[in-house]
Amino acid sequence: MVTVAKSFQAPIKLVFPRDWSAPVGQQFSMLGLGDIVIPGLFIALLLRWDIARAVKQGKTITEGCKVFFYTNFIAYILGLVMTVVFMIWFKAAQPALLYLVPACLGAALLTAMVTGQLSDLLAYKEESPEKKEEEDSKKKEEEGGERRDLEGHARLQDSGDAMPRLVTQ
C-alpha cells in the first residue's frame with residue numbers, strides 16, 4: 001500500500017519531512033486523504049450531535065456546548081502524534097487509521113460515559129426533512145384508508161381521463 005501511495009502523483013496525500021539524514025527518496029512521511037477524511041467525518045458528526053443536544057435542551061450554541069467535538073479533535077491530534085512517534089520508533093510506515101480510529105472512538109465513548117449520555121449518543125439518529133415528510137404523508141395515507149397493492153403503493157384507477165385517479169374507498 002505504501003508503494004502505491006508513493007508512486008501515485010495526485011492530491012490524495014500530504015507529504016511532510018521526517019528525517020533529513022535519510023536517503024533522498026526516504027526523507028518524507030505521508031498522510032493519506034483517508035486518514036484525514038474518515039476521522040473528519042466522525043468529528044463533524046459529533047459536532048452535529050453537540051449542536052442537536054444543545055438545541056434539544058434549549059441552550060444557545062456556544063463554544064462551551066461543543067464538548068464532544070473538542071475532545072475528539074484533541075484525540076485526533078493525539079492519534080496523529082502517536083502515529084508519528086511509532087513511525088519514528090519503528091523506522092517504518094505506519095497506518096494512521098490504526099491509531100486514529102481507537103483514539104476518536106475511545107474519546108467519544110469515554111466522553112459519553114463521563115457525561116452520562118452513552119445511550120443517547122448510541123441511539124442518535126438524524127432524520128432528513130424528506131424522510132420526515134415521507135413518514136408524515138404515509139401516516140396521512142393510512143388514516144385516509146387508501147387502497148394499496150401488494151408492495152404497499154397506492155393503487156391508481158384509470159378512468160379514461162388524461163390523469164388517472166387515486167382510489168380512496
# chains A, B, ... in the order shown; residues from 1 in each chain; ligands from 1
$ residues_around --residues "segment 47-63 of chain A" --least-positions-apart "6" --cutoff "8 Å" --atoms "only C-alpha atoms" --output "JSON, numbers by chain"
{"A": [69, 121, 124]}
$ closest_residue --among "A:Ala103, A:Ala108, A:Ile38, A:Val114" --to "Ala75 of chain A" --atoms "only C-alpha atoms"
A:Ala103
$ atom_distance --atom1 "atom CA of Val37 of chain A" --atom2 "atom CA of Ser119 of chain A"
26.2 Å
$ select_by_dssp --residues "segment 63-106 of chain A" --states "helix (DSSP H, G or I)" --output "ChimeraX atom specification"
/A:63-65,67-90,97-106
$ residues_around --residues "Asn72 of chain A" --least-positions-apart "5" --cutoff "12 Å" --atoms "only C-alpha atoms" --output "list of chain:residue names"
A:Pro39, A:Gly40, A:Leu41, A:Phe42, A:Ile43, A:Ala44, A:Leu45, A:Leu46, A:Leu47, A:Asp50, A:Lys66, A:Val67, A:Ile77, A:Leu78, A:Gly79, A:Leu100, A:Val101, A:Pro102, A:Ala103, A:Cys104, A:Leu105, A:Gly106, A:Ala107, A:Ala108, A:Leu109, A:Leu110, A:Thr111, A:Ala112
$ atom_distance --atom1 "atom CA of Glu127 of chain A" --atom2 "atom CA of Lys139 of chain A"
16.4 Å
$ atom_distance --atom1 "atom CA of Trp89 of chain A" --atom2 "atom CA of Phe28 of chain A"
15.1 Å
$ closest_residue --among "A:Leu14, A:Leu118, A:Met113, A:Tyr76" --to "Tyr99 of chain A" --atoms "only C-alpha atoms"
A:Tyr76
$ residues_around --residues "Asp35 of chain A" --least-positions-apart "6" --cutoff "9 Å" --atoms "only C-alpha atoms" --output "mmCIF file with C-alpha atoms, in the first residue's frame"
data_model
loop_
_atom_site.group_PDB
_atom_site.id
_atom_site.type_symbol
_atom_site.label_atom_id
_atom_site.label_comp_id
_atom_site.auth_asym_id
_atom_site.auth_seq_id
_atom_site.Cartn_x
_atom_site.Cartn_y
_atom_site.Cartn_z
ATOM 1 C CA PRO A 95 -1.165 3.063 9.033
ATOM 2 C CA ALA A 96 -2.504 6.212 10.655
ATOM 3 C CA LEU A 97 -6.046 4.871 10.982
ATOM 4 C CA LEU A 100 -6.749 7.454 14.813
#
